[in-house]
file upload_3.cif (mmCIF, C-alpha atoms)
data_start
#
loop_
_atom_site.label_atom_id
_atom_site.label_comp_id
_atom_site.auth_asym_id
_atom_site.auth_seq_id
_atom_site.Cartn_x
_atom_site.Cartn_y
_atom_site.Cartn_z
CA MET F 1 -90.26 -47.19 68.94
CA ALA F 2 -87.24 -45.07 69.87
CA ASP F 3 -85.42 -43.05 67.22
CA LEU F 4 -82.14 -44.21 65.71
CA ASP F 5 -79.85 -42.05 67.82
CA SER F 6 -81.50 -43.26 71.00
CA LEU F 7 -81.17 -46.91 70.00
CA LEU F 8 -77.52 -46.50 69.06
CA SER F 9 -76.77 -44.75 72.33
CA SER F 10 -78.39 -47.60 74.28
CA LEU F 11 -76.23 -50.14 72.44
CA LYS F 12 -72.91 -48.52 73.34
CA VAL F 13 -71.03 -51.21 75.26
CA PRO F 14 -70.22 -49.96 78.80
CA ALA F 15 -66.52 -49.24 79.26
CA ASP F 16 -66.56 -51.33 82.46
CA TYR F 17 -66.61 -54.48 80.33
CA ALA F 18 -62.99 -53.74 79.43
CA ARG F 19 -62.05 -54.34 83.07
CA LEU F 20 -64.76 -56.81 84.02
CA GLN F 21 -62.36 -59.23 85.69
CA TYR F 22 -61.29 -56.52 88.15
CA ILE F 23 -64.77 -55.32 89.19
CA THR F 24 -65.86 -56.46 92.65
CA ASP F 25 -68.57 -53.90 93.37
CA ASP F 26 -71.94 -55.68 93.35
CA SER F 27 -73.91 -52.66 92.19
CA ALA F 28 -71.61 -52.21 89.17
CA LEU F 29 -72.00 -55.88 88.24
CA VAL F 30 -75.78 -55.67 88.56
CA SER F 31 -75.81 -52.60 86.34
CA LEU F 32 -73.81 -54.42 83.65
CA LYS F 33 -76.13 -57.41 83.86
CA GLU F 34 -79.18 -55.20 83.40
CA TRP F 35 -77.64 -53.47 80.40
CA LYS F 36 -76.75 -56.82 78.85
CA SER F 37 -80.34 -58.02 79.20
CA SER F 38 -81.77 -54.84 77.70
CA ALA F 39 -79.42 -54.98 74.71
CA ASP F 40 -81.38 -57.90 73.20
CA ARG F 41 -84.57 -55.82 73.09
CA VAL F 42 -82.80 -52.76 71.70
CA LEU F 43 -81.18 -54.81 68.94
CA VAL F 44 -84.60 -56.12 67.92
CA GLU F 45 -85.88 -52.54 67.67
CA LEU F 46 -82.84 -51.57 65.62
CA ARG F 47 -83.42 -54.45 63.24
CA ILE F 48 -87.06 -53.42 62.74
CA LEU F 49 -86.09 -49.80 62.15
CA LEU F 50 -83.47 -50.87 59.61
CA GLU F 51 -85.97 -53.01 57.72
CA GLN F 52 -88.44 -50.14 57.59
CA GLN F 53 -86.10 -47.24 56.83
CA ARG F 54 -83.08 -48.74 55.05
CA SER F 55 -83.58 -46.69 51.88
CA GLU F 56 -83.82 -43.45 53.88
CA LEU F 57 -80.65 -43.89 55.93
CA SER F 58 -77.63 -41.69 55.22
CA PRO F 59 -74.12 -43.20 54.86
CA SER F 60 -73.37 -41.89 58.35
CA ASP F 61 -76.46 -43.62 59.79
CA GLN F 62 -75.55 -46.87 58.04
CA ALA F 63 -71.99 -46.71 59.38
CA ASN F 64 -73.26 -46.09 62.90
CA ILE F 65 -75.62 -49.07 62.67
CA ILE F 66 -72.79 -51.29 61.45
CA SER F 67 -70.61 -50.07 64.31
CA ALA F 68 -73.26 -50.83 66.91
CA ALA F 69 -74.21 -54.24 65.52
CA ALA F 70 -70.61 -55.36 64.99
CA SER F 71 -69.93 -54.87 68.70
CA PHE F 72 -72.18 -57.89 69.29
CA ASP F 73 -70.73 -60.04 66.51
CA SER F 74 -68.63 -62.08 68.92
CA GLN F 75 -68.69 -64.23 72.04
CA ASP F 76 -67.61 -61.44 74.37
CA PRO F 77 -68.96 -61.19 77.94
CA TRP F 78 -71.58 -58.58 76.98
CA VAL F 79 -73.04 -60.71 74.16
CA THR F 80 -75.92 -63.13 74.69
CA PRO F 81 -76.62 -65.84 72.07
CA GLU F 82 -79.76 -63.94 71.06
CA ALA F 83 -77.87 -60.66 70.73
CA ARG F 84 -75.30 -62.28 68.46
CA THR F 85 -78.01 -63.77 66.26
CA ILE F 86 -79.82 -60.44 65.90
CA SER F 87 -76.57 -58.58 65.22
CA GLU F 88 -75.76 -61.04 62.44
CA GLU F 89 -79.20 -60.42 60.93
CA ILE F 90 -78.58 -56.66 61.03
CA LEU F 91 -75.14 -56.98 59.50
CA GLN F 92 -76.51 -59.15 56.69
CA HIS F 93 -78.12 -55.98 55.35
CA PHE F 94 -74.55 -54.73 54.77
CA GLY F 95 -73.07 -58.04 53.67
CA ASP F 96 -71.61 -56.53 50.50
CA PRO F 97 -70.67 -52.97 51.49
CA THR F 98 -69.45 -50.47 48.94
CA GLN F 99 -65.97 -49.02 49.28
CA PRO F 100 -67.39 -45.56 50.20
CA LEU F 101 -69.44 -47.10 53.03
CA LEU F 102 -66.45 -49.03 54.34
CA THR F 103 -64.39 -45.85 54.15
CA GLN F 104 -67.10 -44.07 56.14
CA VAL F 105 -66.93 -46.70 58.89
CA LEU F 106 -63.14 -46.68 59.06
CA THR F 107 -62.86 -42.88 58.95
CA HIS F 108 -65.64 -41.89 61.33
CA ASN F 109 -66.23 -44.93 63.58
CA VAL F 110 -62.80 -46.55 63.88
CA LYS F 111 -60.09 -43.95 63.32
CA PRO F 112 -61.24 -41.49 66.06
CA LEU F 113 -60.76 -44.22 68.68
CA PHE F 114 -57.12 -44.82 67.74
CA GLN F 115 -55.88 -41.46 66.48
CA PHE F 116 -54.57 -40.29 69.85
CA SER F 117 -52.42 -43.43 70.24
CA PRO F 118 -50.46 -43.49 66.97
CA HIS F 119 -48.18 -46.48 66.51
CA PRO F 120 -44.57 -45.28 66.90
CA ASN F 121 -43.37 -47.39 63.95
CA LEU F 122 -45.95 -46.21 61.40
CA ASP F 123 -46.24 -42.99 59.42
CA ALA F 124 -49.56 -41.42 58.40
CA SER F 125 -49.69 -43.42 55.16
CA GLY F 126 -49.24 -46.81 56.83
CA ARG F 127 -45.56 -47.25 56.04
CA LYS F 128 -42.97 -48.52 58.49
CA LEU F 129 -40.73 -45.75 59.81
CA PRO F 130 -36.95 -46.25 59.75
CA ARG F 131 -36.92 -45.54 63.48
CA PRO F 132 -39.68 -45.12 66.09
CA ALA F 133 -41.26 -41.67 66.14
CA GLY F 134 -40.94 -40.02 69.54
CA GLY F 135 -37.57 -41.41 70.55
CA PRO F 136 -36.83 -43.84 73.40
CA MET F 137 -40.14 -43.14 75.16
CA ALA F 138 -42.25 -43.79 72.07
CA THR F 139 -43.51 -47.18 73.23
CA HIS F 140 -44.42 -45.78 76.63
CA ASP F 141 -46.38 -42.97 74.98
CA PHE F 142 -48.12 -45.51 72.73
CA TYR F 143 -49.48 -47.31 75.78
CA GLU F 144 -50.58 -44.10 77.52
CA GLY F 145 -54.27 -43.31 77.36
CA GLN F 146 -55.40 -45.94 74.84
CA ALA F 147 -58.85 -44.39 74.47
CA TRP F 148 -59.90 -47.26 72.22
CA LYS F 149 -60.04 -49.58 75.21
CA SER F 150 -62.99 -47.57 76.52
CA THR F 151 -64.98 -48.97 73.59
CA PRO F 152 -64.85 -52.73 74.30
CA GLY F 153 -66.47 -53.77 71.02
CA VAL F 154 -64.00 -51.97 68.76
CA ALA F 155 -61.98 -55.10 67.94
CA ASN F 156 -65.14 -56.68 66.54
CA LEU F 157 -65.71 -53.64 64.34
CA VAL F 158 -62.13 -53.69 63.05
CA SER F 159 -62.56 -57.38 62.26
CA TRP F 160 -65.78 -56.67 60.34
CA CYS F 161 -64.03 -54.00 58.29
CA VAL F 162 -61.11 -56.28 57.44
CA ARG F 163 -63.38 -59.16 56.45
CA HIS F 164 -65.27 -56.87 54.06
CA THR F 165 -62.23 -55.22 52.47
CA GLN F 166 -61.73 -56.43 48.93
CA ARG F 167 -58.21 -57.13 47.70
CA ASP F 168 -58.04 -54.13 45.37
CA TRP F 169 -59.28 -51.76 48.10
CA TYR F 170 -56.30 -52.27 50.40
CA GLU F 171 -54.08 -49.79 48.57
CA SER F 172 -56.43 -46.85 49.16
CA LEU F 173 -57.61 -47.92 52.63
CA TRP F 174 -54.20 -48.97 53.98
CA HIS F 175 -53.74 -45.87 56.16
CA LEU F 176 -57.11 -46.54 57.79
CA ILE F 177 -56.94 -50.32 58.20
CA LEU F 178 -53.40 -50.84 59.46
CA PRO F 179 -53.21 -48.56 62.56
CA PRO F 180 -56.01 -50.27 64.54
CA ILE F 181 -54.66 -53.72 63.63
CA MET F 182 -51.19 -52.77 64.86
CA ALA F 183 -52.62 -51.22 68.03
CA LEU F 184 -54.26 -54.55 68.87
CA LEU F 185 -51.26 -56.64 67.83
CA ASP F 186 -48.73 -54.58 69.73
CA ASP F 187 -50.70 -54.19 72.96
CA PHE F 188 -49.17 -55.33 76.23
CA GLU F 189 -52.23 -57.36 77.28
CA ALA F 190 -52.48 -60.90 75.93
CA ARG F 191 -56.23 -60.71 75.29
CA TYR F 192 -55.79 -57.77 72.92
CA LYS F 193 -52.77 -59.40 71.27
CA LEU F 194 -54.92 -62.45 70.62
CA ARG F 195 -57.61 -60.34 68.97
CA GLY F 196 -54.91 -58.59 66.98
CA VAL F 197 -53.47 -61.86 65.70
CA GLY F 198 -56.97 -62.94 64.70
CA VAL F 199 -57.67 -59.74 62.76
CA ALA F 200 -54.21 -59.81 61.17
CA SER F 201 -54.84 -63.39 60.04
CA GLU F 202 -58.11 -62.26 58.45
CA MET F 203 -56.24 -59.49 56.63
CA LEU F 204 -53.56 -61.87 55.37
CA ARG F 205 -56.20 -63.84 53.45
CA ASP F 206 -56.68 -61.06 50.91
CA VAL F 207 -54.07 -58.33 51.33
CA PRO F 208 -51.54 -58.15 48.46
CA GLY F 209 -48.16 -59.44 49.60
CA GLN F 210 -46.39 -56.73 47.61
CA LEU F 211 -48.22 -54.04 49.58
CA LEU F 212 -46.92 -55.56 52.82
CA LYS F 213 -43.35 -55.66 51.49
CA ARG F 214 -43.39 -52.26 49.81
CA THR F 215 -44.57 -50.51 52.98
CA GLY F 216 -42.22 -52.53 55.21
CA VAL F 217 -45.18 -53.75 57.20
CA ASP F 218 -44.36 -57.42 56.64
CA GLY F 219 -41.32 -57.07 58.90
CA LEU F 220 -43.25 -54.98 61.40
CA ILE F 221 -46.05 -57.51 61.70
CA ARG F 222 -43.54 -60.36 61.85
CA SER F 223 -41.74 -58.69 64.75
CA VAL F 224 -45.03 -58.56 66.66
CA VAL F 225 -46.77 -61.75 65.55
CA TYR F 226 -43.56 -63.78 65.70
CA PRO F 227 -43.95 -65.77 68.92
CA THR F 228 -40.53 -64.85 70.30
CA LYS F 229 -41.62 -61.22 70.26
CA LEU F 230 -45.28 -61.74 70.95
CA SER F 231 -45.47 -63.92 73.97
CA VAL F 232 -42.26 -65.66 74.94
CA LEU F 233 -38.97 -63.81 74.48
CA VAL F 234 -39.93 -60.17 74.11
CA THR F 235 -36.73 -58.48 72.93
CA GLU F 236 -34.72 -56.62 75.58
CA GLN F 237 -37.11 -57.56 78.37
CA SER F 238 -36.28 -59.58 81.43
CA LEU F 239 -36.99 -63.28 81.93
CA ASN F 240 -39.63 -62.39 84.52
CA THR F 241 -41.55 -60.36 81.96
CA CYS F 242 -41.24 -63.18 79.45
CA LEU F 243 -42.66 -65.66 81.91
CA SER F 244 -45.52 -63.34 82.85
CA HIS F 245 -46.71 -63.51 79.23
CA LEU F 246 -46.72 -67.29 79.45
CA ASN F 247 -48.99 -67.20 82.49
CA ASP F 248 -51.91 -65.50 80.77
CA ALA F 249 -55.14 -67.44 80.30
CA GLU F 250 -54.93 -66.73 76.57
CA THR F 251 -51.35 -67.97 76.15
CA ALA F 252 -52.05 -71.38 74.56
CA GLU F 253 -54.48 -69.97 71.99
CA LEU F 254 -52.16 -67.04 71.40
CA ILE F 255 -49.19 -69.31 70.67
CA GLU F 256 -51.09 -71.46 68.17
CA SER F 257 -52.65 -68.46 66.41
CA ALA F 258 -49.35 -66.58 66.25
CA LEU F 259 -47.47 -69.52 64.73
CA ASP F 260 -50.18 -69.96 62.11
CA ALA F 261 -50.19 -66.23 61.27
CA SER F 262 -46.40 -66.17 61.05
CA LEU F 263 -46.38 -69.00 58.53
CA THR F 264 -49.13 -67.34 56.47
CA LEU F 265 -47.16 -64.09 56.44
CA SER F 266 -43.98 -65.81 55.27
CA LEU F 267 -45.77 -67.69 52.49
CA LEU F 268 -47.46 -64.48 51.35
CA THR F 269 -44.32 -62.33 51.21
CA THR F 270 -41.61 -64.76 50.05
CA SER F 271 -41.08 -66.86 46.94
CA VAL F 272 -41.86 -70.58 47.09
CA ARG F 273 -38.85 -72.61 48.29
CA SER F 274 -36.64 -69.55 48.35
CA SER F 275 -33.79 -69.22 50.84
CA GLU F 276 -35.64 -66.28 52.40
CA GLN F 277 -38.70 -68.41 53.03
CA PHE F 278 -36.63 -71.28 54.38
CA ASP F 279 -34.69 -69.00 56.74
CA GLN F 280 -37.87 -67.37 58.08
CA ILE F 281 -39.55 -70.68 58.84
CA CYS F 282 -36.38 -72.11 60.38
CA ALA F 283 -36.14 -69.05 62.61
CA LEU F 284 -39.76 -69.47 63.57
CA LEU F 285 -39.15 -73.07 64.59
CA GLY F 286 -35.70 -72.61 66.12
CA GLU F 287 -36.00 -69.28 67.92
CA GLY F 288 -39.75 -69.23 68.40
CA VAL F 289 -40.61 -72.82 69.29
CA ILE F 290 -37.51 -74.72 70.41
CA ARG F 291 -35.52 -72.02 72.18
CA GLY F 292 -38.60 -70.07 73.15
CA ILE F 293 -41.79 -71.96 73.91
CA TRP F 294 -40.32 -75.38 74.67
CA LEU F 295 -37.68 -73.96 76.97
CA TYR F 296 -39.61 -71.36 78.95
CA ALA F 297 -43.01 -73.09 78.93
CA SER F 298 -41.88 -76.67 79.44
CA ASP F 299 -43.88 -76.81 82.68
CA LYS F 300 -47.06 -75.66 80.90
CA PRO F 301 -48.40 -78.64 78.91
CA ASP F 302 -51.24 -76.69 77.31
CA VAL F 303 -48.79 -74.14 75.87
CA VAL F 304 -46.41 -76.81 74.56
CA LEU F 305 -49.36 -78.72 73.09
CA ALA F 306 -50.53 -75.56 71.32
CA SER F 307 -47.10 -75.20 69.69
CA LEU F 308 -47.14 -78.86 68.63
CA LYS F 309 -50.56 -78.43 67.00
CA ALA F 310 -49.15 -75.64 64.89
CA LEU F 311 -46.04 -77.55 63.73
CA PRO F 312 -47.41 -79.82 60.92
CA PRO F 313 -48.05 -77.04 58.37
CA LEU F 314 -44.64 -75.51 59.10
CA LEU F 315 -42.89 -78.84 58.62
CA ARG F 316 -44.88 -79.60 55.46
CA THR F 317 -43.74 -76.27 54.04
CA LEU F 318 -40.09 -77.09 54.73
CA LYS F 319 -40.42 -80.53 53.05
CA ILE F 320 -36.93 -81.90 52.39
CA GLY F 321 -35.55 -79.03 54.39
CA ASN F 322 -36.79 -80.75 57.54
CA ALA F 323 -33.75 -83.01 57.55
CA ARG F 324 -31.36 -80.08 57.31
CA PHE F 325 -33.30 -78.16 59.89
CA LEU F 326 -33.54 -80.98 62.42
CA LYS F 327 -29.83 -81.71 62.03
CA ARG F 328 -28.94 -78.09 62.68
CA LYS F 329 -31.27 -77.82 65.67
CA ALA F 330 -30.73 -81.21 67.32
CA GLY F 331 -28.26 -79.77 69.82
CA GLU F 332 -30.60 -76.94 70.71
CA LEU F 333 -33.53 -79.33 71.17
CA THR F 334 -31.49 -81.44 73.59
CA TRP F 335 -30.45 -78.32 75.46
CA ALA F 336 -34.04 -77.04 75.65
CA ASN F 337 -35.36 -80.37 76.95
CA HIS F 338 -32.65 -80.56 79.61
CA ALA F 339 -33.19 -76.98 80.69
CA GLY F 340 -36.94 -77.49 80.76
CA ALA F 341 -36.55 -80.38 83.16
CA HIS F 342 -33.90 -78.85 85.43
CA GLY F 343 -34.01 -75.12 84.78
CA PRO F 344 -31.88 -73.01 82.39
CA ALA F 345 -29.07 -72.63 84.91
CA ALA F 346 -28.60 -76.40 85.09
CA ALA F 347 -28.40 -76.88 81.33
CA PRO F 348 -25.09 -77.68 79.66
CA ALA F 349 -23.52 -75.10 77.38
CA LYS F 350 -25.80 -74.51 74.43
CA ALA F 351 -24.75 -76.07 71.17
CA GLN F 352 -23.62 -73.65 68.50
CA CYS F 353 -25.58 -74.63 65.43
CA GLY F 354 -25.08 -73.12 62.03
#
call {"tool": "encode", "arguments": {"input": "upload_3.cif", "output": "structure tokens"}}
result
Amino acid sequence: MADLDSLLSSLKVPADYARLQYITDDSALVSLKEWKSSADRVLVELRILLEQQRSELSPSDQANIISAAASFDSQDPWVTPEARTISEEILQHFGDPTQPLLTQVLTHNVKPLFQFSPHPNLDASGRKLPRPAGGPMATHDFYEGQAWKSTPGVANLVSWCVRHTQRDWYESLWHLILPPIMALLDDFEARYKLRGVGVASEMLRDVPGQLLKRTGVDGLIRSVVYPTKLSVLVTEQSLNTCLSHLNDAETAELIESALDASLTLSLLTTSVRSSEQFDQICALLGEGVIRGIWLYASDKPDVVLASLKALPPLLRTLKIGNARFLKRKAGELTWANHAGAHGPAAAPAKAQCG
């Protein structure tokens, strides 16, 4: 049996999987297929080694095993059903990780992949900056390089870390957990945004709402997860760019997930039935759904259907406020339907609703 380092090296997901849809070279595709087939065998060897030597492994070795196995804890193109099953069996050995082990993974296996692409709106402690670091070109710099995309399984590892972070650990691990989540959420490719929304939703199950508010991250996440920013009406971008986001294969799933995450975020960071909560949900429905999705994606039934699937929990949260909301937005809904059928230019002047 090969040693641990050799097994881990063999399980490193080829960077070509990050651009699989663009590869046309037959030899490259054959090479990826061969690696994928061999990964099942290597994972079996890793599982056996873990069972035999678990008590002898250092924290660094354990973190590296978690990192390798987590890459296969998904339904990504490089994962066979057998590989996913074996990876789950390996990860079960670390089903209740200690905070030091989780810190080891985040510090040495996750952080190095993202440290050269710092989010322009975050400081080193995980707080929202008053203005983007780096000036007007900060966003451009953020998208330059993106070394983390050369490790296709990293989103799975970030997800594993978030799912195993206990509520009272977030305060001390915040500076390690938040940057990779925001890198995924704020990416320009829909597939990474979708993974980011998924990981953010996992975080919102346990993260203290006060930590989000105190660090200003609630507003930062909302500006990214909020569908008008995420996939429909990206602020200060042209209509063509907006429409290009609606043409992605992931758009329908992205819309539904983003609406759900937005509602969860509002409920977590606002008081029940407060005016702040009401205003946030109304904005989500009015700006995000009616004047965003329904207007610019009216010719895409799957996208509109995804938004409709996400509406019931939002409307249940508003309760009696639905009447007030629908009254205020009736004019906009009529305008959106007309524009969707005939194009925005043909729509009558938009109603001014309070």
call {"tool": "residues_around", "arguments": {"input": "upload_3.cif", "residues": "region 41-58 of chain F", "least_positions_apart": "3", "cutoff": "6 Å", "atoms": "all atoms listed in the file", "output": "VMD selection string"}}
result
chain F and resid 38 61 90
call {"tool": "write_last_selection", "arguments": {"input": "upload_3.cif", "atoms": "C-alpha atoms", "output": "JSON list (two decimals), in the frame of the given file"}}
result
[["chain", "number", "residue", "atom", "x", "y", "z"],
["F", 38, "SER", "CA", -81.77, -54.84, 77.70],
["F", 61, "ASP", "CA", -76.46, -43.62, 59.79],
["F", 90, "ILE", "CA", -78.58, -56.66, 61.03]]
call {"tool": "atom_distance", "arguments": {"input": "upload_3.cif", "atom1": "CA of Gln280 (chain F)", "atom2": "CA of Ser266 (chain F)"}}
result
6.9 Å
call {"tool": "closest_residue", "arguments": {"input": "upload_3.cif", "among": "F:Ser117, F:Thr270, F:Ser9, F:Thr264", "to": "Gln210 (chain F)", "atoms": "only C-alpha atoms"}}
result
F:Thr270
call {"tool": "residues_around", "arguments": {"input": "upload_3.cif", "residues": "Gln99 (chain F)", "least_positions_apart": "3", "cutoff": "8 Å", "atoms": "all atoms listed in the file", "output": "ChimeraX atom specification"}}
result
/F:102-103,165,169
call {"tool": "atom_distance", "arguments": {"input": "upload_3.cif", "atom1": "CA of Lys300 (chain F)", "atom2": "CA of Thr251 (chain F)"}}
result
10.0 Å
call {"tool": "closest_residue", "arguments": {"input": "upload_3.cif", "among": "F:Glu89, F:Asp3, F:Asp299, F:Asp16", "to": "Ser150 (chain F)", "atoms": "only C-alpha atoms"}}
result
F:Asp16
call {"tool": "resolve_selection", "arguments": {"input": "upload_3.cif", "expression": "the PyMOL selection byres ((chain F and resi 308-321) around 9)", "output": "JSON, numbers by chain"}}
result
{"F": [255, 256, 257, 259, 260, 263, 267, 273, 277, 278, 281, 282, 284, 285, 289, 303, 304, 305, 306, 307, 322, 323, 324, 325, 326]}
call {"tool": "closest_atom_pairs", "arguments": {"input": "upload_3.cif", "of": "region 155-211 of chain F", "to": "region 65-76 of chain F", "cutoff": "7 Å", "atoms": "only C-alpha atoms", "output": "Markdown table"}}
result
| residue | atom | partner | partner_atom | distance |
| --- | --- | --- | --- | --- |
| F:Asn156 | CA | F:Ser71 | CA | 5.6 |
| F:Leu157 | CA | F:Ala70 | CA | 5.2 |
| F:Trp160 | CA | F:Ala70 | CA | 6.8 |
call {"tool": "residues_around", "arguments": {"input": "upload_3.cif", "residues": "region 196-198 of chain F", "least_positions_apart": "6", "cutoff": "9 Å", "atoms": "all atoms listed in the file", "output": "PyMOL selection string"}}
result
chain F and resi 155+159+180-187+225+254+257-258+261
call {"tool": "closest_residue", "arguments": {"input": "upload_3.cif", "among": "F:Leu220, F:Val199, F:Cys161, F:Ile290", "to": "His119 (chain F)", "atoms": "all atoms listed in the file"}}
result
F:Leu220
call {"tool": "closest_residue", "arguments": {"input": "upload_3.cif", "among": "F:Thr98, F:Thr151, F:Ser60, F:Gln92", "to": "Lys12 (chain F)", "atoms": "all atoms listed in the file"}}
result
F:Thr151
call {"tool": "atom_distance", "arguments": {"input": "upload_3.cif", "atom1": "CA of Asn121 (chain F)", "atom2": "CA of Ala133 (chain F)"}}
result
6.5 Å
call {"tool": "residues_near_point", "arguments": {"input": "upload_3.cif", "point": "(-63.3, -43.0, 71.3)", "cutoff": "8 Å", "atoms": "all atoms listed in the file", "output": "number ranges by chain"}}
result
F: 112-114, 147-148, 150-151
call {"tool": "closest_residue", "arguments": {"input": "upload_3.cif", "among": "F:Ile293, F:Met203, F:Leu7, F:Ala124", "to": "Thr215 (chain F)", "atoms": "only C-alpha atoms"}}
result
F:Ala124
call {"tool": "closest_residue", "arguments": {"input": "upload_3.cif", "among": "F:Ala2, F:Leu91, F:Val105, F:Val79", "to": "Lys33 (chain F)", "atoms": "all atoms listed in the file"}}
result
F:Val79
call {"tool": "axis_aligned_box", "arguments": {"input": "upload_3.cif", "around": "region 143-159 of chain F", "padding_each_side": "3 Å", "output": "JSON"}}
result
{"center_x": -58.0, "center_y": -50.3, "center_z": 69.9, "size_x": 23.0, "size_y": 20.1, "size_z": 21.3}
